[in-house]
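Note: the block below is model27.pdb and it holds PDB, C-alpha atoms, pLDDT in the B column.
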ATOM      1  CA  MET A   1       0.000   0.000   0.000  1.00 37.00           C
ATOM      2  CA  GLN A   2       1.443   3.376  -0.997  1.00 37.00           C
ATOM      3  CA  THR A   3       1.090   6.209   1.491  1.00 40.00           C
ATOM      4  CA  ASN A   4       2.866   9.478   1.994  1.00 42.00           C
ATOM      5  CA  SER A   5       5.981   9.248   4.137  1.00 43.00           C
ATOM      6  CA  LEU A   6       4.439  10.911   7.183  1.00 47.00           C
ATOM      7  CA  ARG A   7       1.576   8.439   7.325  1.00 70.00           C
ATOM      8  CA  ASN A   8       3.131   5.124   6.340  1.00 88.00           C
ATOM      9  CA  LYS A   9       2.912   3.783   9.891  1.00 95.00           C
ATOM     10  CA  ILE A  10       0.000   3.329  12.234  1.00 97.00           C
ATOM     11  CA  ILE A  11       1.283   3.689  15.782  1.00 97.00           C
ATOM     12  CA  LEU A  12      -0.895   2.407  18.600  1.00 98.00           C
ATOM     13  CA  ILE A  13      -0.552   4.002  22.017  1.00 97.00           C
ATOM     14  CA  GLY A  14      -2.597   3.656  25.165  1.00 95.00           C
ATOM     15  CA  PHE A  15      -2.629   2.354  28.678  1.00 91.00           C
ATOM     16  CA  MET A  16      -1.964  -1.341  29.242  1.00 88.00           C
ATOM     17  CA  GLY A  17      -4.975  -3.515  28.555  1.00 89.00           C
ATOM     18  CA  THR A  18      -6.552  -1.212  25.983  1.00 94.00           C
ATOM     19  CA  GLY A  19      -5.950  -3.750  23.202  1.00 94.00           C
ATOM     20  CA  LYS A  20      -2.853  -2.464  21.408  1.00 95.00           C
ATOM     21  CA  SER A  21      -1.439  -5.904  20.573  1.00 94.00           C
ATOM     22  CA  ALA A  22      -4.754  -7.378  19.434  1.00 96.00           C
ATOM     23  CA  VAL A  23      -5.628  -4.298  17.386  1.00 97.00           C
ATOM     24  CA  ALA A  24      -2.146  -4.334  15.816  1.00 97.00           C
ATOM     25  CA  ASP A  25      -2.723  -7.945  14.749  1.00 97.00           C
ATOM     26  CA  GLY A  26      -6.100  -7.029  13.245  1.00 97.00           C
ATOM     27  CA  LEU A  27      -4.743  -3.985  11.428  1.00 97.00           C
ATOM     28  CA  ALA A  28      -1.755  -5.890  10.057  1.00 97.00           C
ATOM     29  CA  SER A  29      -4.077  -8.549   8.694  1.00 97.00           C
ATOM     30  CA  GLU A  30      -6.576  -6.073   7.259  1.00 96.00           C
ATOM     31  CA  LEU A  31      -3.970  -3.804   5.634  1.00 95.00           C
ATOM     32  CA  GLN A  32      -1.428  -6.519   4.770  1.00 95.00           C
ATOM     33  CA  LEU A  33       1.346  -4.667   6.602  1.00 96.00           C
ATOM     34  CA  HIS A  34       4.055  -5.895   8.932  1.00 96.00           C
ATOM     35  CA  LYS A  35       3.314  -5.535  12.628  1.00 97.00           C
ATOM     36  CA  TYR A  36       5.816  -4.755  15.342  1.00 97.00           C
ATOM     37  CA  ASP A  37       4.984  -5.041  19.020  1.00 96.00           C
ATOM     38  CA  ILE A  38       7.591  -2.917  20.775  1.00 96.00           C
ATOM     39  CA  ASP A  39       7.476  -5.065  23.927  1.00 92.00           C
ATOM     40  CA  VAL A  40       8.259  -8.175  21.840  1.00 94.00           C
ATOM     41  CA  GLU A  41      11.010  -6.275  20.021  1.00 95.00           C
ATOM     42  CA  ILE A  42      12.516  -5.212  23.375  1.00 95.00           C
ATOM     43  CA  VAL A  43      12.702  -8.838  24.528  1.00 94.00           C
ATOM     44  CA  LYS A  44      14.458  -9.789  21.266  1.00 95.00           C
ATOM     45  CA  HIS A  45      16.829  -6.816  21.522  1.00 93.00           C
ATOM     46  CA  ALA A  46      17.719  -7.300  25.188  1.00 93.00           C
ATOM     47  CA  GLY A  47      17.677 -11.095  25.195  1.00 94.00           C
ATOM     48  CA  GLN A  48      15.608 -11.151  28.372  1.00 93.00           C
ATOM     49  CA  GLU A  49      12.026 -10.723  29.503  1.00 91.00           C
ATOM     50  CA  ILE A  50      10.745  -7.269  30.400  1.00 88.00           C
ATOM     51  CA  SER A  51      10.206  -8.334  34.018  1.00 86.00           C
ATOM     52  CA  GLU A  52      13.884  -9.362  34.174  1.00 91.00           C
ATOM     53  CA  ILE A  53      15.001  -6.001  32.768  1.00 91.00           C
ATOM     54  CA  PHE A  54      12.926  -4.204  35.414  1.00 87.00           C
ATOM     55  CA  ALA A  55      14.258  -6.462  38.199  1.00 88.00           C
ATOM     56  CA  GLN A  56      17.909  -6.294  37.176  1.00 92.00           C
ATOM     57  CA  ALA A  57      18.298  -2.805  35.723  1.00 92.00           C
ATOM     58  CA  GLY A  58      15.199  -0.848  36.734  1.00 89.00           C
ATOM     59  CA  GLU A  59      12.499   1.046  34.904  1.00 87.00           C
ATOM     60  CA  GLU A  60      14.808   3.794  33.606  1.00 91.00           C
ATOM     61  CA  ALA A  61      17.041   1.265  31.844  1.00 93.00           C
ATOM     62  CA  PHE A  62      13.947  -0.396  30.391  1.00 92.00           C
ATOM     63  CA  ARG A  63      12.652   2.966  29.114  1.00 92.00           C
ATOM     64  CA  ASN A  64      16.004   3.647  27.438  1.00 95.00           C
ATOM     65  CA  ILE A  65      15.886   0.300  25.631  1.00 95.00           C
ATOM     66  CA  GLU A  66      12.253   0.984  24.723  1.00 95.00           C
ATOM     67  CA  THR A  67      13.219   4.322  23.142  1.00 96.00           C
ATOM     68  CA  GLU A  68      16.052   2.740  21.175  1.00 96.00           C
ATOM     69  CA  VAL A  69      13.835  -0.057  19.809  1.00 96.00           C
ATOM     70  CA  LEU A  70      10.956   2.322  19.080  1.00 97.00           C
ATOM     71  CA  ASN A  71      13.233   4.672  17.134  1.00 96.00           C
ATOM     72  CA  GLU A  72      14.602   1.758  15.083  1.00 95.00           C
ATOM     73  CA  ARG A  73      11.077   0.797  14.026  1.00 96.00           C
ATOM     74  CA  LEU A  74       9.943   4.376  13.442  1.00 95.00           C
ATOM     75  CA  SER A  75      12.946   5.286  11.301  1.00 93.00           C
ATOM     76  CA  SER A  76      12.484   2.287   9.018  1.00 92.00           C
ATOM     77  CA  PRO A  77      11.053   3.278   5.618  1.00 91.00           C
ATOM     78  CA  GLU A  78       8.761   0.238   5.724  1.00 91.00           C
ATOM     79  CA  ALA A  79       5.027   0.857   6.077  1.00 93.00           C
ATOM     80  CA  SER A  80       3.955  -0.959   9.238  1.00 96.00           C
ATOM     81  CA  ILE A  81       1.771  -1.217  12.300  1.00 97.00           C
ATOM     82  CA  ILE A  82       3.552  -0.466  15.583  1.00 98.00           C
ATOM     83  CA  ALA A  83       2.077  -1.363  18.966  1.00 97.00           C
ATOM     84  CA  THR A  84       3.906   0.530  21.697  1.00 96.00           C
ATOM     85  CA  GLY A  85       4.101  -0.304  25.362  1.00 87.00           C
ATOM     86  CA  GLY A  86       1.783   1.706  27.590  1.00 82.00           C
ATOM     87  CA  GLY A  87       4.628   3.810  28.971  1.00 86.00           C
ATOM     88  CA  ALA A  88       6.328   4.664  25.675  1.00 92.00           C
ATOM     89  CA  VAL A  89       4.575   8.040  25.745  1.00 94.00           C
ATOM     90  CA  LEU A  90       6.312   9.067  28.967  1.00 91.00           C
ATOM     91  CA  LYS A  91       9.324  10.486  27.087  1.00 93.00           C
ATOM     92  CA  GLN A  92       8.778  13.664  25.108  1.00 95.00           C
ATOM     93  CA  SER A  93      11.271  12.478  22.482  1.00 95.00           C
ATOM     94  CA  ASN A  94       9.200   9.327  21.902  1.00 96.00           C
ATOM     95  CA  ARG A  95       6.018  11.367  21.448  1.00 96.00           C
ATOM     96  CA  GLU A  96       7.751  13.651  18.956  1.00 95.00           C
ATOM     97  CA  SER A  97       9.166  10.700  16.990  1.00 95.00           C
ATOM     98  CA  MET A  98       5.782   9.002  16.836  1.00 96.00           C
ATOM     99  CA  LEU A  99       4.117  12.135  15.500  1.00 95.00           C
ATOM    100  CA  GLU A 100       6.907  12.640  12.980  1.00 93.00           C
ATOM    101  CA  HIS A 101       6.794   9.111  11.582  1.00 93.00           C
ATOM    102  CA  GLY A 102       3.195   8.001  11.625  1.00 94.00           C
ATOM    103  CA  PHE A 103      -0.493   8.230  12.337  1.00 96.00           C
ATOM    104  CA  VAL A 104      -0.820   7.916  16.112  1.00 97.00           C
ATOM    105  CA  ILE A 105      -3.903   6.150  17.463  1.00 97.00           C
ATOM    106  CA  HIS A 106      -4.773   6.348  21.171  1.00 97.00           C
ATOM    107  CA  LEU A 107      -6.675   3.294  22.383  1.00 97.00           C
ATOM    108  CA  ILE A 108      -8.785   3.960  25.455  1.00 96.00           C
ATOM    109  CA  ALA A 109     -10.709   1.677  27.810  1.00 95.00           C
ATOM    110  CA  SER A 110     -12.445   2.217  31.125  1.00 93.00           C
ATOM    111  CA  SER A 111     -10.518   1.325  34.267  1.00 91.00           C
ATOM    112  CA  ASP A 112     -12.934  -1.561  34.961  1.00 92.00           C
ATOM    113  CA  VAL A 113     -12.324  -3.022  31.493  1.00 93.00           C
ATOM    114  CA  ILE A 114      -8.554  -2.585  31.835  1.00 90.00           C
ATOM    115  CA  ILE A 115      -8.527  -4.281  35.249  1.00 88.00           C
ATOM    116  CA  SER A 116     -10.569  -7.206  33.918  1.00 88.00           C
ATOM    117  CA  ARG A 117      -8.151  -7.579  30.998  1.00 87.00           C
ATOM    118  CA  VAL A 118      -4.886  -7.417  33.000  1.00 83.00           C
ATOM    119  CA  LYS A 119      -5.714  -8.774  36.466  1.00 80.00           C
ATOM    120  CA  HIS A 120      -4.335 -12.259  35.736  1.00 74.00           C
ATOM    121  CA  ASP A 121      -1.308 -11.124  33.716  1.00 69.00           C
ATOM    122  CA  THR A 122       1.705 -11.792  35.932  1.00 65.00           C
ATOM    123  CA  GLY A 123       4.180 -10.531  33.326  1.00 66.00           C
ATOM    124  CA  ARG A 124       3.511  -6.842  33.971  1.00 68.00           C
ATOM    125  CA  PRO A 125       6.140  -5.474  36.378  1.00 62.00           C
ATOM    126  CA  LEU A 126       4.217  -2.259  37.020  1.00 64.00           C
ATOM    127  CA  LEU A 127       1.208  -4.210  38.324  1.00 65.00           C
ATOM    128  CA  GLN A 128       2.861  -6.020  41.212  1.00 70.00           C
ATOM    129  CA  GLY A 129       0.673  -6.035  44.325  1.00 70.00           C
ATOM    130  CA  ASP A 130      -2.905  -4.776  44.288  1.00 81.00           C
ATOM    131  CA  VAL A 131      -3.740  -4.686  40.566  1.00 82.00           C
ATOM    132  CA  THR A 132      -6.807  -2.481  40.982  1.00 87.00           C
ATOM    133  CA  ALA A 133      -4.936   0.092  43.048  1.00 89.00           C
ATOM    134  CA  ARG A 134      -1.931   0.053  40.694  1.00 85.00           C
ATOM    135  CA  VAL A 135      -4.109   0.507  37.599  1.00 87.00           C
ATOM    136  CA  HIS A 136      -5.909   3.475  39.166  1.00 90.00           C
ATOM    137  CA  GLN A 137      -2.623   4.978  40.371  1.00 90.00           C
ATOM    138  CA  LEU A 138      -0.896   4.593  36.987  1.00 87.00           C
ATOM    139  CA  MET A 139      -3.928   5.913  35.094  1.00 89.00           C
ATOM    140  CA  ALA A 140      -3.957   9.006  37.316  1.00 92.00           C
ATOM    141  CA  THR A 141      -0.202   9.493  36.863  1.00 90.00           C
ATOM    142  CA  ARG A 142      -0.489   9.187  33.071  1.00 88.00           C
ATOM    143  CA  ALA A 143      -3.617  11.318  32.675  1.00 89.00           C
ATOM    144  CA  GLY A 144      -3.127  13.461  29.573  1.00 91.00           C
ATOM    145  CA  ALA A 145       0.036  11.629  28.462  1.00 92.00           C
ATOM    146  CA  TYR A 146      -1.719  10.158  25.426  1.00 94.00           C
ATOM    147  CA  ASP A 147      -3.500  13.346  24.323  1.00 95.00           C
ATOM    148  CA  PHE A 148      -1.050  14.064  21.494  1.00 96.00           C
ATOM    149  CA  ALA A 149      -2.521  11.315  19.276  1.00 96.00           C
ATOM    150  CA  HIS A 150      -4.108  12.085  15.916  1.00 95.00           C
ATOM    151  CA  TYR A 151      -7.120   9.876  16.709  1.00 96.00           C
ATOM    152  CA  SER A 152      -8.602   8.243  19.812  1.00 97.00           C
ATOM    153  CA  ILE A 153     -10.958   5.306  20.095  1.00 97.00           C
ATOM    154  CA  ASP A 154     -12.532   3.677  23.140  1.00 97.00           C
ATOM    155  CA  THR A 155     -12.176  -0.104  22.862  1.00 96.00           C
ATOM    156  CA  SER A 156     -14.271  -0.880  25.960  1.00 95.00           C
ATOM    157  CA  ASN A 157     -17.482  -1.847  24.160  1.00 95.00           C
ATOM    158  CA  LEU A 158     -16.354  -2.485  20.594  1.00 96.00           C
ATOM    159  CA  THR A 159     -15.410  -5.732  18.911  1.00 96.00           C
ATOM    160  CA  LEU A 160     -11.942  -6.079  17.430  1.00 97.00           C
ATOM    161  CA  PRO A 161     -13.286  -5.818  13.839  1.00 97.00           C
ATOM    162  CA  GLU A 162     -15.174  -2.629  14.769  1.00 98.00           C
ATOM    163  CA  VAL A 163     -12.024  -1.054  16.219  1.00 98.00           C
ATOM    164  CA  VAL A 164      -9.943  -2.088  13.197  1.00 98.00           C
ATOM    165  CA  ASN A 165     -12.519  -0.703  10.748  1.00 97.00           C
ATOM    166  CA  LYS A 166     -12.724   2.647  12.551  1.00 97.00           C
ATOM    167  CA  ILE A 167      -8.928   2.995  12.579  1.00 97.00           C
ATOM    168  CA  VAL A 168      -8.587   2.038   8.907  1.00 95.00           C
ATOM    169  CA  GLU A 169     -11.184   4.671   7.968  1.00 95.00           C
ATOM    170  CA  ALA A 170      -9.468   7.339  10.097  1.00 94.00           C
ATOM    171  CA  TRP A 171      -6.076   6.443   8.569  1.00 93.00           C
ATOM    172  CA  LYS A 172      -7.463   6.648   5.038  1.00 90.00           C
ATOM    173  CA  GLN A 173      -8.970  10.064   5.818  1.00 89.00           C
ATOM    174  CA  ALA A 174      -5.665  11.276   7.266  1.00 87.00           C
ATOM    175  CA  ASN A 175      -3.877  10.202   4.104  1.00 84.00           C
ATOM    176  CA  LEU A 176      -6.284  12.170   1.926  1.00 74.00           C
ATOM    177  CA  THR A 177      -5.413  15.445   3.644  1.00 63.00           C
TER     178      THR A 177
END

What is this file in structure tokens?
Amino acid sequence: MQTNSLRNKIILIGFMGTGKSAVADGLASELQLHKYDIDVEIVKHAGQEISEIFAQAGEEAFRNIETEVLNERLSSPEASIIATGGGAVLKQSNRESMLEHGFVIHLIASSDVIISRVKHDTGRPLLQGDVTARVHQLMATRAGAYDFAHYSIDTSNLTLPEVVNKIVEAWKQANLT
């Protein structure tokens, strides 16, 4: 698919549990584009699980690796779908790079939906302890961090095909302007 250089990537951002990985899979299938999940790419790059990076080197080291891997994917000329980790937006430089290289989609879900989606996921280092309390705390801390996106969609009550269709239509519209 040919697109102009500023819109040849769809970049998914949003809090954990909003559906970034699943939506990336759906978009990649629908648009016949490669998909990159930044968390998966980090594990490949670092040769260890994200929880191990957090435990051994801390969150700051993880965020530095995340930025490096994200920039590699963003700077590639290949049209693609990129699913970021929920905290990738915490660095201003990451937000600027995302806006420069693609169409940024903010996936949203209610806190209840997010908690139901992540409560049994033991691989999330930021959710250790009381999952409900941690989700509410992190959501409050990150309030407004995703507001730079070109388009936002609430995934709470939509099916995956509905979300994919809405994003494809928004992307097509963005490429017409």

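Between Ala88 (chain A) and the candidates A:Glu66, A:Glu100, A:Glu72, A:Glu169, the tightest atom-to-atom separation, counting only C-alpha atoms, involves A:Glu66.
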
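Ranking A:Ala109, A:Val69, A:Ser76, A:Arg117 by their shortest atom-to-atom distance to Lys44 (chain A), with all atoms listed in the file included, puts A:Val69 first.
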
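The neighbours of His45 (chain A) here are the residues that come within 12 Å of it, using only C-alpha atoms and leaving out any residue fewer than 6 positions away in the same chain; they are Ile38, Asp39, Ile53, Phe62, Ile65, Glu66, Thr67, Glu68, Val69, Leu70 and Glu72 of chain A.
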
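Each of A:Asp130, A:Asp112, A:Glu49, A:Glu41 was checked against Ala83 (chain A) using only C-alpha atoms; the smallest atom-to-atom distance is that of A:Glu41.
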
>> Under the PyMOL selection byres ((chain A and resi 85) around 12), which residues of this model are included? Write them out as a PyMOL selection string.
In response: chain A and resi 11-21+36-42+50+62-63+65-67+69-70+82-84+86-90+94+106-107+124+126+146

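Residues matched by the PyMOL selection byres ((chain A and resi 152-158) around 7) in this file are Thr18, Ile105, His106, Leu107, Ile108, Ala109, Ser110, Val113, Ala149, Tyr151, Thr159, Leu160, Glu162 and Val163 of chain A.
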
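Minimum distance to Glu30 (chain A) across A:Ile81, A:Ile115, A:Ala46, A:Ala140 (counting only C-alpha atoms) occurs at A:Ile81.
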
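Here CA of Thr132 (chain A) and CA of Ser111 (chain A) stand 8.6 Å from one another.
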
>> With 6 Å as the threshold, what does the neighbourhood of (1.2, -1.3, 12.1) contain in terms of residues, counting all atoms listed in the file? Coordinates are those of the file; answer as a PyMOL selection string.
In response: chain A and resi 9-10+24+28+35+80-82

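Going from CA of Lys172 (chain A) to CA of His150 (chain A) covers 12.6 Å.
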
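The gap separating CA of Glu78 (chain A) from CA of Gln92 (chain A) is 23.6 Å, in Å to one decimal.
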
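You can rank A:Ser116, A:Ser29, A:Gln137, A:Asn8 by their closest distance to His101 (chain A) using all atoms listed in the file, and at the top of that list sits A:Asn8.
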
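The closest residue to Ala79 (chain A), picked from A:Gln173, A:Gln32, A:Gln128, A:Gln56 and counting only C-alpha atoms, is A:Gln32.
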
Please complete region 139-150 of chain A so it has all heavy atoms, and hand it over as a PDB file, in the coordinates of the input.
ATOM      1  N   MET A 139      -3.046   5.139  35.970  1.00 89.00           N
ATOM      2  CA  MET A 139      -3.928   5.913  35.094  1.00 89.00           C
ATOM      3  C   MET A 139      -3.942   7.384  35.518  1.00 89.00           C
ATOM      4  O   MET A 139      -3.912   8.279  34.673  1.00 89.00           O
ATOM      5  CB  MET A 139      -5.341   5.330  35.072  1.00 89.00           C
ATOM      6  CG  MET A 139      -5.441   4.034  34.285  1.00 89.00           C
ATOM      7  SD  MET A 139      -7.123   3.376  34.226  1.00 89.00           S
ATOM      8  CE  MET A 139      -7.779   4.319  32.842  1.00 89.00           C
ATOM      9  N   ALA A 140      -3.969   7.622  36.820  1.00 92.00           N
ATOM     10  CA  ALA A 140      -3.957   9.006  37.316  1.00 92.00           C
ATOM     11  C   ALA A 140      -2.632   9.681  36.980  1.00 92.00           C
ATOM     12  O   ALA A 140      -2.599  10.839  36.535  1.00 92.00           O
ATOM     13  CB  ALA A 140      -4.198   9.018  38.825  1.00 92.00           C
ATOM     14  N   THR A 141      -1.531   8.953  37.152  1.00 90.00           N
ATOM     15  CA  THR A 141      -0.202   9.493  36.863  1.00 90.00           C
ATOM     16  C   THR A 141      -0.052   9.825  35.383  1.00 90.00           C
ATOM     17  O   THR A 141       0.587  10.812  35.026  1.00 90.00           O
ATOM     18  CB  THR A 141       0.887   8.474  37.270  1.00 90.00           C
ATOM     19  OG1 THR A 141       0.749   8.190  38.652  1.00 90.00           O
ATOM     20  CG2 THR A 141       2.275   8.997  36.993  1.00 90.00           C
ATOM     21  N   ARG A 142      -0.646   9.014  34.527  1.00 88.00           N
ATOM     22  CA  ARG A 142      -0.489   9.187  33.071  1.00 88.00           C
ATOM     23  C   ARG A 142      -1.619   9.983  32.424  1.00 88.00           C
ATOM     24  O   ARG A 142      -1.659  10.097  31.197  1.00 88.00           O
ATOM     25  CB  ARG A 142      -0.380   7.825  32.398  1.00 88.00           C
ATOM     26  CG  ARG A 142       0.891   7.092  32.804  1.00 88.00           C
ATOM     27  CD  ARG A 142       1.005   5.766  32.126  1.00 88.00           C
ATOM     28  NE  ARG A 142       2.185   5.047  32.587  1.00 88.00           N
ATOM     29  CZ  ARG A 142       2.480   3.825  32.225  1.00 88.00           C
ATOM     30  NH1 ARG A 142       1.691   3.174  31.385  1.00 88.00           N
ATOM     31  NH2 ARG A 142       3.566   3.228  32.692  1.00 88.00           N
ATOM     32  N   ALA A 143      -2.505  10.538  33.230  1.00 89.00           N
ATOM     33  CA  ALA A 143      -3.617  11.318  32.675  1.00 89.00           C
ATOM     34  C   ALA A 143      -3.063  12.407  31.759  1.00 89.00           C
ATOM     35  O   ALA A 143      -2.165  13.156  32.132  1.00 89.00           O
ATOM     36  CB  ALA A 143      -4.440  11.925  33.799  1.00 89.00           C
ATOM     37  N   GLY A 144      -3.557  12.461  30.545  1.00 91.00           N
ATOM     38  CA  GLY A 144      -3.127  13.461  29.573  1.00 91.00           C
ATOM     39  C   GLY A 144      -1.904  13.069  28.755  1.00 91.00           C
ATOM     40  O   GLY A 144      -1.597  13.722  27.758  1.00 91.00           O
ATOM     41  N   ALA A 145      -1.207  12.014  29.149  1.00 92.00           N
ATOM     42  CA  ALA A 145       0.036  11.629  28.462  1.00 92.00           C
ATOM     43  C   ALA A 145      -0.201  11.144  27.038  1.00 92.00           C
ATOM     44  O   ALA A 145       0.711  11.175  26.220  1.00 92.00           O
ATOM     45  CB  ALA A 145       0.772  10.544  29.254  1.00 92.00           C
ATOM     46  N   TYR A 146      -1.411  10.716  26.744  1.00 94.00           N
ATOM     47  CA  TYR A 146      -1.719  10.158  25.426  1.00 94.00           C
ATOM     48  C   TYR A 146      -2.449  11.160  24.522  1.00 94.00           C
ATOM     49  O   TYR A 146      -2.808  10.839  23.396  1.00 94.00           O
ATOM     50  CB  TYR A 146      -2.578   8.902  25.577  1.00 94.00           C
ATOM     51  CG  TYR A 146      -1.981   7.848  26.482  1.00 94.00           C
ATOM     52  CD1 TYR A 146      -2.375   7.722  27.819  1.00 94.00           C
ATOM     53  CD2 TYR A 146      -1.017   6.971  26.008  1.00 94.00           C
ATOM     54  CE1 TYR A 146      -1.823   6.759  28.650  1.00 94.00           C
ATOM     55  CE2 TYR A 146      -0.459   6.006  26.820  1.00 94.00           C
ATOM     56  CZ  TYR A 146      -0.863   5.903  28.144  1.00 94.00           C
ATOM     57  OH  TYR A 146      -0.313   4.948  28.949  1.00 94.00           O
ATOM     58  N   ASP A 147      -2.659  12.365  25.023  1.00 95.00           N
ATOM     59  CA  ASP A 147      -3.500  13.346  24.323  1.00 95.00           C
ATOM     60  C   ASP A 147      -2.922  13.874  23.019  1.00 95.00           C
ATOM     61  O   ASP A 147      -3.607  14.581  22.290  1.00 95.00           O
ATOM     62  CB  ASP A 147      -3.816  14.529  25.246  1.00 95.00           C
ATOM     63  CG  ASP A 147      -4.726  14.135  26.396  1.00 95.00           C
ATOM     64  OD1 ASP A 147      -5.270  13.012  26.393  1.00 95.00           O
ATOM     65  OD2 ASP A 147      -4.896  14.972  27.310  1.00 95.00           O
ATOM     66  N   PHE A 148      -1.677  13.559  22.711  1.00 96.00           N
ATOM     67  CA  PHE A 148      -1.050  14.064  21.494  1.00 96.00           C
ATOM     68  C   PHE A 148      -1.463  13.295  20.241  1.00 96.00           C
ATOM     69  O   PHE A 148      -1.152  13.699  19.121  1.00 96.00           O
ATOM     70  CB  PHE A 148       0.483  14.034  21.632  1.00 96.00           C
ATOM     71  CG  PHE A 148       1.061  12.649  21.658  1.00 96.00           C
ATOM     72  CD1 PHE A 148       1.581  12.072  20.501  1.00 96.00           C
ATOM     73  CD2 PHE A 148       1.094  11.905  22.827  1.00 96.00           C
ATOM     74  CE1 PHE A 148       2.111  10.797  20.511  1.00 96.00           C
ATOM     75  CE2 PHE A 148       1.622  10.625  22.856  1.00 96.00           C
ATOM     76  CZ  PHE A 148       2.136  10.066  21.687  1.00 96.00           C
ATOM     77  N   ALA A 149      -2.170  12.189  20.405  1.00 96.00           N
ATOM     78  CA  ALA A 149      -2.521  11.315  19.276  1.00 96.00           C
ATOM     79  C   ALA A 149      -3.386  12.028  18.243  1.00 96.00           C
ATOM     80  O   ALA A 149      -4.142  12.948  18.565  1.00 96.00           O
ATOM     81  CB  ALA A 149      -3.247  10.074  19.784  1.00 96.00           C
ATOM     82  N   HIS A 150      -3.283  11.560  17.001  1.00 95.00           N
ATOM     83  CA  HIS A 150      -4.108  12.085  15.916  1.00 95.00           C
ATOM     84  C   HIS A 150      -5.565  11.654  16.057  1.00 95.00           C
ATOM     85  O   HIS A 150      -6.473  12.343  15.602  1.00 95.00           O
ATOM     86  CB  HIS A 150      -3.594  11.574  14.558  1.00 95.00           C
ATOM     87  CG  HIS A 150      -2.229  12.058  14.218  1.00 95.00           C
ATOM     88  ND1 HIS A 150      -1.114  11.252  14.282  1.00 95.00           N
ATOM     89  CD2 HIS A 150      -1.791  13.275  13.820  1.00 95.00           C
ATOM     90  CE1 HIS A 150      -0.052  11.947  13.923  1.00 95.00           C
ATOM     91  NE2 HIS A 150      -0.425  13.168  13.637  1.00 95.00           N
TER      92      HIS A 150
END
